[in-house]
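Q: Next comes the structure file protein.json, holding JSON, C-alpha atoms.
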```json
[["chain", "number", "residue", "atom", "x", "y", "z"],
["A", 190, "MET", "CA", 12.80, -19.58, -33.68],
["A", 191, "THR", "CA", 13.17, -19.65, -29.89],
["A", 192, "LYS", "CA", 11.21, -17.10, -27.92],
["A", 193, "LYS", "CA", 13.06, -14.35, -26.09],
["A", 194, "ARG", "CA", 12.88, -14.98, -22.34],
["A", 195, "VAL", "CA", 12.26, -12.01, -20.06],
["A", 196, "LEU", "CA", 12.26, -11.80, -16.26],
["A", 197, "ILE", "CA", 10.00, -9.07, -14.86],
["A", 198, "THR", "CA", 10.44, -8.37, -11.14],
["A", 199, "GLY", "CA", 7.47, -6.74, -9.45],
["A", 200, "GLY", "CA", 5.48, -8.59, -12.13],
["A", 201, "ALA", "CA", 2.25, -8.64, -10.10],
["A", 202, "GLY", "CA", 2.37, -4.88, -9.51],
["A", 203, "PHE", "CA", 0.67, -2.08, -11.43],
["A", 204, "LEU", "CA", 3.43, -1.45, -13.98],
["A", 205, "GLY", "CA", 4.94, -4.95, -13.86],
["A", 206, "SER", "CA", 1.66, -6.62, -14.81],
["A", 207, "HIS", "CA", 1.18, -4.30, -17.80],
["A", 208, "LEU", "CA", 4.75, -5.13, -18.90],
["A", 209, "CYS", "CA", 3.95, -8.87, -18.62],
["A", 210, "ASP", "CA", 1.01, -8.30, -21.00],
["A", 211, "ARG", "CA", 3.16, -6.32, -23.44],
["A", 212, "PHE", "CA", 6.04, -8.81, -23.60],
["A", 213, "LEU", "CA", 3.66, -11.74, -24.08],
["A", 214, "LYS", "CA", 2.03, -9.77, -26.89],
["A", 215, "GLU", "CA", 5.49, -9.32, -28.43],
["A", 216, "GLY", "CA", 5.92, -13.12, -28.44],
["A", 217, "CYS", "CA", 8.27, -13.44, -25.46],
["A", 218, "HIS", "CA", 8.30, -16.08, -22.73],
["A", 219, "VAL", "CA", 7.64, -14.12, -19.53],
["A", 220, "ILE", "CA", 8.78, -15.01, -16.02],
["A", 221, "ALA", "CA", 7.12, -12.76, -13.43],
["A", 222, "MET", "CA", 8.65, -12.54, -9.95],
["A", 223, "ASP", "CA", 6.97, -10.82, -7.00],
["A", 224, "ASN", "CA", 6.81, -11.32, -3.22],
["A", 225, "LEU", "CA", 3.32, -9.75, -3.23],
["A", 226, "ILE", "CA", 3.96, -7.20, -0.45],
["A", 227, "THR", "CA", 2.35, -4.54, -2.66],
["A", 228, "GLY", "CA", 1.61, -6.53, -5.85],
["A", 229, "SER", "CA", -1.55, -8.62, -6.35],
["A", 230, "LEU", "CA", -2.15, -11.90, -8.15],
["A", 231, "ASP", "CA", -5.42, -10.35, -9.43],
["A", 232, "ASN", "CA", -3.27, -8.30, -11.83],
["A", 233, "ILE", "CA", -1.83, -11.38, -13.57],
["A", 234, "GLU", "CA", -4.53, -13.99, -12.94],
["A", 235, "HIS", "CA", -5.56, -13.79, -16.61],
["A", 236, "LEU", "CA", -2.08, -15.04, -17.60],
["A", 237, "PHE", "CA", -1.79, -18.19, -15.47],
["A", 238, "HIS", "CA", -3.31, -20.48, -18.14],
["A", 239, "ARG", "CA", -0.59, -19.60, -20.64],
["A", 240, "GLU", "CA", 2.38, -21.88, -21.31],
["A", 241, "ASP", "CA", 4.60, -18.90, -22.11],
["A", 242, "PHE", "CA", 4.06, -17.36, -18.65],
["A", 243, "GLU", "CA", 5.56, -18.39, -15.29],
["A", 244, "PHE", "CA", 5.19, -16.85, -11.83],
["A", 245, "TYR", "CA", 7.63, -17.09, -8.92],
["A", 246, "ASN", "CA", 6.71, -15.81, -5.46],
["A", 247, "HIS", "CA", 10.14, -14.55, -4.42],
["A", 248, "ASP", "CA", 11.82, -11.58, -2.73],
["A", 249, "VAL", "CA", 14.59, -10.34, -5.05],
["A", 250, "SER", "CA", 16.57, -8.87, -2.15],
["A", 251, "LYS", "CA", 17.43, -12.53, -1.43],
["A", 252, "PHE", "CA", 19.49, -14.58, -3.93],
["A", 253, "VAL", "CA", 17.74, -14.85, -7.32],
["A", 254, "HIS", "CA", 18.02, -17.97, -9.47],
["A", 255, "VAL", "CA", 16.31, -18.48, -12.81],
["A", 256, "SER", "CA", 17.15, -21.60, -14.80],
["A", 257, "GLY", "CA", 17.72, -21.48, -18.55],
["A", 258, "ASP", "CA", 18.59, -18.57, -20.80],
["A", 259, "LEU", "CA", 17.47, -15.01, -20.16],
["A", 260, "ASP", "CA", 17.49, -12.26, -22.77],
["A", 261, "TYR", "CA", 16.06, -9.40, -20.73],
["A", 262, "ILE", "CA", 15.61, -8.51, -17.06],
["A", 263, "MET", "CA", 13.16, -5.74, -16.13],
["A", 264, "HIS", "CA", 13.61, -4.68, -12.49],
["A", 265, "PHE", "CA", 10.30, -3.18, -11.36],
["A", 266, "ALA", "CA", 10.14, -4.64, -7.84],
["A", 267, "SER", "CA", 9.75, -1.94, -5.18],
["A", 268, "PRO", "CA", 7.12, -0.29, -3.04],
["A", 269, "ALA", "CA", 6.42, 2.80, -5.15],
["A", 270, "SER", "CA", 3.93, 5.01, -3.34],
["A", 271, "PRO", "CA", 4.67, 7.13, -0.25],
["A", 272, "ILE", "CA", 2.15, 5.20, 1.85],
["A", 273, "ASP", "CA", 4.01, 1.94, 1.06],
["A", 274, "TYR", "CA", 7.59, 3.03, 1.44],
["A", 275, "LEU", "CA", 6.89, 4.94, 4.66],
["A", 276, "LYS", "CA", 5.36, 1.72, 6.02],
["A", 277, "MET", "CA", 8.18, -0.48, 4.63],
["A", 278, "PRO", "CA", 11.27, 1.71, 4.62],
["A", 279, "ILE", "CA", 13.83, -1.08, 5.02],
["A", 280, "GLN", "CA", 12.33, -3.39, 2.37],
["A", 281, "THR", "CA", 12.29, -0.37, 0.02],
["A", 282, "LEU", "CA", 16.00, 0.25, 0.57],
["A", 283, "LYS", "CA", 16.83, -3.45, 0.24],
["A", 284, "VAL", "CA", 14.98, -4.03, -3.02],
["A", 285, "GLY", "CA", 16.75, -1.03, -4.58],
["A", 286, "SER", "CA", 20.19, -2.05, -3.32],
["A", 287, "LEU", "CA", 20.47, -5.80, -2.61],
["A", 288, "GLY", "CA", 17.74, -6.62, -5.15],
["A", 289, "THR", "CA", 19.45, -4.61, -7.86],
["A", 290, "HIS", "CA", 22.82, -6.19, -7.02],
["A", 291, "ASN", "CA", 21.36, -9.71, -7.22],
["A", 292, "LEU", "CA", 19.69, -9.02, -10.55],
["A", 293, "LEU", "CA", 22.74, -7.35, -12.06],
["A", 294, "GLY", "CA", 24.72, -10.46, -11.05],
["A", 295, "LEU", "CA", 22.09, -12.58, -12.82],
["A", 296, "ALA", "CA", 22.24, -10.32, -15.90],
["A", 297, "LYS", "CA", 26.02, -10.69, -15.98],
["A", 298, "ALA", "CA", 25.84, -14.50, -15.63],
["A", 299, "LYS", "CA", 23.12, -14.86, -18.29],
["A", 300, "LYS", "CA", 24.50, -12.14, -20.58],
["A", 301, "ALA", "CA", 21.05, -10.54, -20.40],
["A", 302, "ARG", "CA", 20.16, -6.91, -20.98],
["A", 303, "MET", "CA", 18.80, -5.30, -17.83],
["A", 304, "LEU", "CA", 16.41, -2.35, -17.58],
["A", 305, "ILE", "CA", 15.83, -0.76, -14.19],
["A", 306, "ALA", "CA", 12.78, 1.24, -13.16],
["A", 307, "SER", "CA", 14.13, 4.46, -11.71],
["A", 308, "THR", "CA", 11.90, 7.40, -10.90],
["A", 309, "SER", "CA", 11.43, 11.14, -11.16],
["A", 310, "GLU", "CA", 11.97, 11.04, -7.36],
["A", 311, "VAL", "CA", 15.73, 10.93, -8.03],
["A", 312, "TYR", "CA", 15.29, 14.68, -8.72],
["A", 313, "GLY", "CA", 13.81, 15.18, -5.21],
["A", 314, "ASP", "CA", 12.07, 18.53, -4.74],
["A", 315, "PRO", "CA", 13.58, 19.96, -7.93],
["A", 316, "LEU", "CA", 15.19, 23.37, -8.26],
["A", 317, "VAL", "CA", 15.18, 22.99, -12.04],
["A", 318, "HIS", "CA", 11.93, 22.94, -14.01],
["A", 319, "PRO", "CA", 11.07, 20.95, -16.07],
["A", 320, "GLN", "CA", 13.55, 18.23, -15.11],
["A", 321, "THR", "CA", 16.15, 17.07, -17.65],
["A", 322, "GLU", "CA", 18.23, 13.91, -17.25],
["A", 323, "ASP", "CA", 21.42, 15.88, -16.56],
["A", 324, "TYR", "CA", 19.91, 17.50, -13.44],
["A", 325, "TRP", "CA", 21.42, 15.87, -10.32],
["A", 326, "GLY", "CA", 18.49, 16.51, -8.04],
["A", 327, "ASN", "CA", 17.68, 18.03, -4.65],
["A", 328, "VAL", "CA", 17.10, 15.09, -2.31],
["A", 329, "ASN", "CA", 17.02, 14.94, 1.49],
["A", 330, "PRO", "CA", 18.72, 11.58, 2.23],
["A", 331, "VAL", "CA", 17.45, 11.44, 5.83],
["A", 332, "GLY", "CA", 13.90, 12.71, 5.22],
["A", 333, "PRO", "CA", 10.90, 10.35, 5.16],
["A", 334, "ARG", "CA", 11.03, 10.03, 1.36],
["A", 335, "GLY", "CA", 14.80, 9.43, 1.38],
["A", 336, "VAL", "CA", 14.36, 5.65, 1.63],
["A", 337, "TYR", "CA", 12.75, 5.58, -1.82],
["A", 338, "ASP", "CA", 14.69, 8.42, -3.46],
["A", 339, "GLU", "CA", 18.09, 7.14, -2.33],
["A", 340, "SER", "CA", 17.34, 3.47, -3.09],
["A", 341, "LYS", "CA", 16.60, 4.53, -6.67],
["A", 342, "ARG", "CA", 19.66, 6.78, -6.88],
["A", 343, "PHE", "CA", 21.83, 3.91, -5.58],
["A", 344, "GLN", "CA", 20.14, 1.58, -8.05],
["A", 345, "GLU", "CA", 21.15, 3.87, -10.93],
["A", 346, "ALA", "CA", 24.75, 4.11, -9.65],
["A", 347, "MET", "CA", 25.03, 0.32, -9.21],
["A", 348, "THR", "CA", 23.58, -0.33, -12.66],
["A", 349, "MET", "CA", 25.98, 2.13, -14.28],
["A", 350, "ALA", "CA", 28.91, 0.53, -12.40],
["A", 351, "TYR", "CA", 27.99, -2.93, -13.74],
["A", 352, "HIS", "CA", 27.66, -1.41, -17.19],
["A", 353, "THR", "CA", 31.07, 0.28, -17.16],
["A", 354, "TYR", "CA", 33.03, -2.29, -15.08],
["A", 355, "HIS", "CA", 31.46, -5.60, -16.17],
["A", 356, "GLY", "CA", 30.08, -4.57, -19.56],
["A", 357, "VAL", "CA", 26.50, -5.53, -18.63],
["A", 358, "GLU", "CA", 24.02, -4.11, -21.16],
["A", 359, "SER", "CA", 21.82, -1.80, -19.09],
["A", 360, "ARG", "CA", 19.01, 0.70, -19.54],
["A", 361, "ILE", "CA", 17.65, 3.21, -17.00],
["A", 362, "VAL", "CA", 14.12, 4.60, -17.23],
["A", 363, "ARG", "CA", 13.13, 7.51, -14.98],
["A", 364, "ILE", "CA", 9.38, 7.15, -14.60],
["A", 365, "PHE", "CA", 7.17, 10.15, -13.88],
["A", 366, "ASN", "CA", 3.62, 9.99, -12.43],
["A", 367, "THR", "CA", 1.75, 7.20, -14.22],
["A", 368, "TYR", "CA", -1.83, 6.03, -13.91],
["A", 369, "GLY", "CA", -4.23, 3.47, -15.33],
["A", 370, "PRO", "CA", -6.13, 0.27, -14.52],
["A", 371, "ARG", "CA", -4.58, -1.98, -11.80],
["A", 372, "MET", "CA", -3.46, 0.86, -9.56],
["A", 373, "ARG", "CA", -4.44, 0.17, -5.97],
["A", 374, "LEU", "CA", -7.23, 2.39, -4.66],
["A", 375, "ASP", "CA", -5.43, 2.63, -1.30],
["A", 376, "ASP", "CA", -1.91, 3.26, -2.59],
["A", 377, "GLY", "CA", -1.91, 6.86, -1.35],
["A", 378, "ARG", "CA", -1.14, 8.49, -4.68],
["A", 379, "VAL", "CA", -3.25, 11.44, -5.72],
["A", 380, "LEU", "CA", -5.07, 9.90, -8.67],
["A", 381, "PRO", "CA", -6.50, 6.75, -7.01],
["A", 382, "ALA", "CA", -7.06, 8.76, -3.80],
["A", 383, "PHE", "CA", -9.15, 11.42, -5.59],
["A", 384, "ILE", "CA", -11.12, 8.91, -7.67],
["A", 385, "GLY", "CA", -11.78, 6.68, -4.63],
["A", 386, "GLN", "CA", -12.91, 9.66, -2.53],
["A", 387, "ALA", "CA", -15.15, 11.01, -5.32],
["A", 388, "LEU", "CA", -16.80, 7.60, -5.90],
["A", 389, "ARG", "CA", -17.43, 7.18, -2.16],
["A", 390, "GLY", "CA", -18.85, 10.72, -1.88],
["A", 391, "GLU", "CA", -16.02, 11.85, 0.44],
["A", 392, "ASP", "CA", -14.16, 15.17, 0.28],
["A", 393, "LEU", "CA", -11.08, 15.13, -1.93],
["A", 394, "THR", "CA", -7.95, 15.56, 0.19],
["A", 395, "ALA", "CA", -5.47, 18.07, -1.27],
["A", 396, "PHE", "CA", -2.22, 18.81, 0.56],
["A", 397, "GLY", "CA", -0.86, 22.31, 1.02],
["A", 398, "ASP", "CA", -2.85, 24.87, -0.98],
["A", 399, "GLY", "CA", -3.22, 22.55, -3.99],
["A", 400, "SER", "CA", -0.98, 24.72, -6.17],
["A", 401, "GLN", "CA", 1.73, 22.03, -6.49],
["A", 402, "THR", "CA", 1.89, 20.40, -9.91],
["A", 403, "ARG", "CA", 1.98, 16.88, -11.27],
["A", 404, "SER", "CA", 2.18, 15.46, -14.80],
["A", 405, "PHE", "CA", 0.23, 12.25, -15.40],
["A", 406, "CYS", "CA", 1.15, 9.67, -18.04],
["A", 407, "TYR", "CA", -1.25, 6.90, -19.09],
["A", 408, "VAL", "CA", 0.18, 3.42, -18.50],
["A", 409, "ASP", "CA", 0.00, 2.29, -22.17],
["A", 410, "ASP", "CA", 2.14, 5.28, -23.19],
["A", 411, "LEU", "CA", 4.65, 4.51, -20.44],
["A", 412, "VAL", "CA", 4.91, 0.82, -21.40],
["A", 413, "GLU", "CA", 5.55, 1.80, -25.03],
["A", 414, "GLY", "CA", 8.36, 4.15, -23.94],
["A", 415, "ILE", "CA", 9.92, 1.46, -21.71],
["A", 416, "TYR", "CA", 9.74, -1.12, -24.49],
["A", 417, "ARG", "CA", 11.45, 1.25, -26.94],
["A", 418, "LEU", "CA", 14.14, 2.11, -24.39],
["A", 419, "LEU", "CA", 14.90, -1.58, -23.75],
["A", 420, "LEU", "CA", 15.43, -2.17, -27.47],
["A", 421, "SER", "CA", 17.46, 1.03, -27.97],
["A", 422, "ASP", "CA", 21.21, 1.28, -27.46],
["A", 423, "CYS", "CA", 21.04, 4.08, -24.86],
["A", 424, "PRO", "CA", 22.64, 3.19, -21.48],
["A", 425, "ASP", "CA", 22.02, 6.65, -19.96],
["A", 426, "PRO", "CA", 18.89, 7.54, -17.96],
["A", 427, "VAL", "CA", 15.84, 8.56, -20.00],
["A", 428, "ASN", "CA", 12.76, 10.39, -18.64],
["A", 429, "ILE", "CA", 9.47, 8.78, -19.62],
["A", 430, "GLY", "CA", 6.37, 10.72, -18.63],
["A", 431, "ASN", "CA", 3.77, 13.14, -19.89],
["A", 432, "PRO", "CA", 4.90, 16.80, -19.86],
["A", 433, "SER", "CA", 1.29, 18.06, -19.64],
["A", 434, "GLU", "CA", 1.45, 19.75, -16.22],
["A", 435, "ILE", "CA", -1.57, 20.41, -13.99],
["A", 436, "THR", "CA", -2.06, 21.74, -10.45],
["A", 437, "ILE", "CA", -3.57, 19.45, -7.82],
["A", 438, "ASN", "CA", -6.55, 21.84, -7.56],
["A", 439, "GLN", "CA", -7.21, 21.68, -11.31],
["A", 440, "PHE", "CA", -6.88, 17.91, -11.21],
["A", 441, "ALA", "CA", -9.37, 17.64, -8.31],
["A", 442, "GLU", "CA", -11.88, 19.67, -10.34],
["A", 443, "GLU", "CA", -11.34, 17.36, -13.33],
["A", 444, "ILE", "CA", -12.04, 14.27, -11.20],
["A", 445, "LEU", "CA", -15.19, 15.82, -9.67],
["A", 446, "LYS", "CA", -16.48, 16.62, -13.14],
["A", 447, "LEU", "CA", -15.58, 13.18, -14.52],
["A", 448, "THR", "CA", -17.26, 11.29, -11.68],
["A", 449, "GLY", "CA", -20.22, 13.69, -11.34],
["A", 450, "SER", "CA", -19.41, 13.85, -7.62],
["A", 451, "LYS", "CA", -20.76, 16.63, -5.38],
["A", 452, "SER", "CA", -17.74, 16.29, -3.05],
["A", 453, "LYS", "CA", -15.64, 19.31, -2.05],
["A", 454, "ILE", "CA", -11.88, 19.76, -1.77],
["A", 455, "ALA", "CA", -10.48, 19.54, 1.78],
["A", 456, "TYR", "CA", -6.98, 20.90, 2.45],
["A", 457, "LYS", "CA", -4.38, 19.30, 4.75],
["A", 458, "PRO", "CA", -0.78, 20.31, 5.55],
["A", 459, "LEU", "CA", 1.82, 19.47, 2.92],
["A", 460, "PRO", "CA", 3.88, 16.37, 3.88],
["A", 461, "LYS", "CA", 7.62, 16.87, 4.50],
["A", 462, "ASP", "CA", 9.77, 17.02, 1.34],
["A", 463, "ASP", "CA", 6.73, 16.71, -0.93],
["A", 464, "PRO", "CA", 7.83, 17.95, -4.39],
["A", 465, "LYS", "CA", 6.16, 21.25, -5.37],
["A", 466, "GLN", "CA", 6.64, 20.69, -9.09],
["A", 467, "ARG", "CA", 6.95, 17.59, -11.17],
["A", 468, "GLN", "CA", 7.23, 17.78, -14.95],
["A", 469, "PRO", "CA", 9.48, 15.78, -17.26],
["A", 470, "ASN", "CA", 11.52, 17.22, -20.07],
["A", 471, "ILE", "CA", 11.13, 14.43, -22.66],
["A", 472, "SER", "CA", 13.38, 15.85, -25.42],
["A", 473, "LYS", "CA", 15.76, 12.89, -25.01],
["A", 474, "ALA", "CA", 12.97, 10.28, -25.30],
["A", 475, "LYS", "CA", 11.70, 12.03, -28.45],
["A", 476, "GLU", "CA", 15.18, 12.20, -29.98],
["A", 477, "VAL", "CA", 16.57, 8.79, -28.96],
["A", 478, "LEU", "CA", 13.40, 6.65, -28.92],
["A", 479, "GLY", "CA", 11.05, 8.57, -31.22],
["A", 480, "TRP", "CA", 8.61, 8.41, -28.30],
["A", 481, "GLU", "CA", 6.06, 10.82, -26.90],
["A", 482, "PRO", "CA", 2.74, 10.21, -25.12],
["A", 483, "LYS", "CA", -0.31, 9.66, -27.31],
["A", 484, "PHE", "CA", -3.12, 9.54, -24.71],
["A", 485, "SER", "CA", -4.65, 12.73, -23.36],
["A", 486, "ARG", "CA", -5.74, 12.74, -19.70],
["A", 487, "SER", "CA", -9.40, 12.56, -20.69],
["A", 488, "GLU", "CA", -8.70, 9.46, -22.85],
["A", 489, "GLY", "CA", -6.67, 7.72, -20.15],
["A", 490, "LEU", "CA", -9.00, 8.58, -17.28],
["A", 491, "LYS", "CA", -12.01, 6.80, -18.87],
["A", 492, "PRO", "CA", -10.69, 3.20, -18.60],
["A", 493, "THR", "CA", -9.04, 4.07, -15.27],
["A", 494, "LEU", "CA", -12.35, 5.28, -13.83],
["A", 495, "GLU", "CA", -14.15, 2.17, -15.13],
["A", 496, "TYR", "CA", -11.59, -0.02, -13.38],
["A", 497, "PHE", "CA", -11.93, 1.84, -10.07],
["A", 498, "MET", "CA", -15.74, 1.84, -10.23],
["A", 499, "LYS", "CA", -15.65, -1.99, -10.34],
["A", 500, "LYS", "CA", -13.24, -2.01, -7.39],
["A", 501, "VAL", "CA", -15.34, 0.36, -5.27],
["A", 502, "LYS", "CA", -18.53, -1.63, -5.98],
["A", 503, "GLY", "CA", -16.71, -4.94, -5.44]]
```
Show me, as structure tokens, the structure contained in the file I just sent.

A:
Amino acid sequence: MTKKRVLITGGAGFLGSHLCDRFLKEGCHVIAMDNLITGSLDNIEHLFHREDFEFYNHDVSKFVHVSGDLDYIMHFASPASPIDYLKMPIQTLKVGSLGTHNLLGLAKAKKARMLIASTSEVYGDPLVHPQTEDYWGNVNPVGPRGVYDESKRFQEAMTMAYHTYHGVESRIVRIFNTYGPRMRLDDGRVLPAFIGQALRGEDLTAFGDGSQTRSFCYVDDLVEGIYRLLLSDCPDPVNIGNPSEITINQFAEEILKLTGSKSKIAYKPLPKDDPKQRQPNISKAKEVLGWEPKFSRSEGLKPTLEYFMKKVKG
């Protein structure tokens, strides 16, 4: 029996590399593609010896060619943390628009099923809580975060257009805050920032008064949800995340306790358009995919902390 062939863009990134592992485990032939502007070869180094794994250093916002058959395309290429997309606003817009267009064209030509990584950021600073998939969002298109939010919103619209007009099989996952090994310590997101600061004995930087909320999903749970969505027959967007909501202040206290750090919490002004609340409604994922997160924060934070401790020492 021939192996299913899957192209994973952003394959050297945090989520992309975990997806490479999962699809290899499922017996697929994996082609990872990444231009390494935020991804790292360290994340996939352990796969290079395998015959069922290939890596292409390529920017998907330029023409994408992959020879041979393709069964699945997973589009995970994009700067994904505020620090990255504020530094690379135009690349962020291009990978969500031109990159998505190129890959949808490839999916159409290869008759492949394509899953795109959308984000909870399509909801902006939400006026509805928790967020359901039928909420249209509250996004500032010209604010600093607009480059990411709108590239993902466009990506969803383009994918749905290819689905309805060209009959391309497509899936849309809206990813909420996710964490785990292979996150970059310097990626600006709250979890690696807090852990890095605690391990270095620095104050933990909270923005605003720390009362804003986040919901953190462990990467293995997320990958399971994505895998189930790909194999489902649902073309509409599906939230995948952990609905267990926590304030930034509570989370800072958890990290201090976990690391045994004596650091304090230092407060800075809230960045423009920073969402005050972020919590997924996952009723659809439960109903359509039979999925819900299995890992508690304390279970997921252990391997994450171990990974970061090696990085800080290294």

Q: Report, in Å to a single decimal, how far apart atom CA of A:Arg363 and atom CA of A:Glu434 are.

A: 17.0 Å

Q: Quick one: everything within 7 Å of stretch 374-379 of chain A, counting only C-alpha atoms, minus sequence neighbours fewer than 6 positions away in the same chain. Send it as a compact mmCIF listing (two decimals) with C-alpha atoms, in the coordinates of the input.

A:
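Result written to around15.txt:
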```
# COMPACT_ATOMS: atom_id res chain seq x y z
CA SER A 270 3.93 5.01 -3.34
CA PRO A 271 4.67 7.13 -0.25
CA ILE A 272 2.15 5.20 1.85
CA GLY A 385 -11.78 6.68 -4.63
```

Q: Which residues are near A:Phe244? Cut-off 6 Å, only C-alpha atoms, ignore same chain within fewer than 6 positions. Put them as a ChimeraX atom specification.

A: /A:220-222

Q: When you count all atoms listed in the file, which of these residues is closest to A:Lys299: A:Cys209, A:Val219, A:Val357, A:Ile429?

A: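 For A:Lys299, the nearest of the candidates is A:Val357.
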
Q: Please identify all polymer residues within 8 Å of stretch 256-267 of chain A, counting only C-alpha atoms, omitting same-chain residues fewer than 6 positions from it, and present them as an MDAnalysis selection string.

A: chainID A and resid 193:200 202 204:205 223 249 281 284:285 289 292 296 299:306

Q: Using the selection just defined, write its residues with C-alpha atoms as an mmCIF file, in the frame of the given file.

A:
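Below you can see part_1.cif, which holds the result:
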```
data_model
loop_
_atom_site.group_PDB
_atom_site.id
_atom_site.type_symbol
_atom_site.label_atom_id
_atom_site.label_comp_id
_atom_site.auth_asym_id
_atom_site.auth_seq_id
_atom_site.Cartn_x
_atom_site.Cartn_y
_atom_site.Cartn_z
ATOM 1 C CA LYS A 193 13.060 -14.350 -26.090
ATOM 2 C CA ARG A 194 12.880 -14.980 -22.340
ATOM 3 C CA VAL A 195 12.260 -12.010 -20.060
ATOM 4 C CA LEU A 196 12.260 -11.800 -16.260
ATOM 5 C CA ILE A 197 10.000 -9.070 -14.860
ATOM 6 C CA THR A 198 10.440 -8.370 -11.140
ATOM 7 C CA GLY A 199 7.470 -6.740 -9.450
ATOM 8 C CA GLY A 200 5.480 -8.590 -12.130
ATOM 9 C CA GLY A 202 2.370 -4.880 -9.510
ATOM 10 C CA LEU A 204 3.430 -1.450 -13.980
ATOM 11 C CA GLY A 205 4.940 -4.950 -13.860
ATOM 12 C CA ASP A 223 6.970 -10.820 -7.000
ATOM 13 C CA VAL A 249 14.590 -10.340 -5.050
ATOM 14 C CA THR A 281 12.290 -0.370 0.020
ATOM 15 C CA VAL A 284 14.980 -4.030 -3.020
ATOM 16 C CA GLY A 285 16.750 -1.030 -4.580
ATOM 17 C CA THR A 289 19.450 -4.610 -7.860
ATOM 18 C CA LEU A 292 19.690 -9.020 -10.550
ATOM 19 C CA ALA A 296 22.240 -10.320 -15.900
ATOM 20 C CA LYS A 299 23.120 -14.860 -18.290
ATOM 21 C CA LYS A 300 24.500 -12.140 -20.580
ATOM 22 C CA ALA A 301 21.050 -10.540 -20.400
ATOM 23 C CA ARG A 302 20.160 -6.910 -20.980
ATOM 24 C CA MET A 303 18.800 -5.300 -17.830
ATOM 25 C CA LEU A 304 16.410 -2.350 -17.580
ATOM 26 C CA ILE A 305 15.830 -0.760 -14.190
ATOM 27 C CA ALA A 306 12.780 1.240 -13.160
#
```

Q: Quick one: distance from atom CA of A:Ser472 to atom CA of A:Asn428 in Å, one decimal?

A: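 Value for the atom CA of A:Ser472-atom CA of A:Asn428 distance: 8.7 Å.
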
Q: I'd like the contact shell of A:Glu339 - 9 Å cut-off, all atoms listed in the file, skipping same-chain residues fewer than 2 positions apart - returned as a ChimeraX atom specification.

A: /A:282,285,310-311,328-330,334-337,341-344

Q: Kindly assemble as JSON lines a list of the stretch 303-356 of chain A residues that lie within 9 Å of stretch 422-426 of chain A, each paired with its nearest atom pair and their distance in Å to one decimal, using all atoms listed in the file, sorted first by chain and then by ascending residue number.

A:
```
{"residue": "A:Ser307", "atom": "CA", "partner": "A:Pro426", "partner_atom": "CA", "distance": 8.4}
{"residue": "A:Glu322", "atom": "CA", "partner": "A:Pro426", "partner_atom": "CA", "distance": 6.4}
{"residue": "A:Asp323", "atom": "CA", "partner": "A:Pro426", "partner_atom": "CA", "distance": 8.8}
{"residue": "A:Glu345", "atom": "CA", "partner": "A:Pro426", "partner_atom": "CA", "distance": 8.2}
{"residue": "A:Met349", "atom": "CA", "partner": "A:Pro424", "partner_atom": "CA", "distance": 8.0}
{"residue": "A:His352", "atom": "CA", "partner": "A:Pro424", "partner_atom": "CA", "distance": 8.0}
```
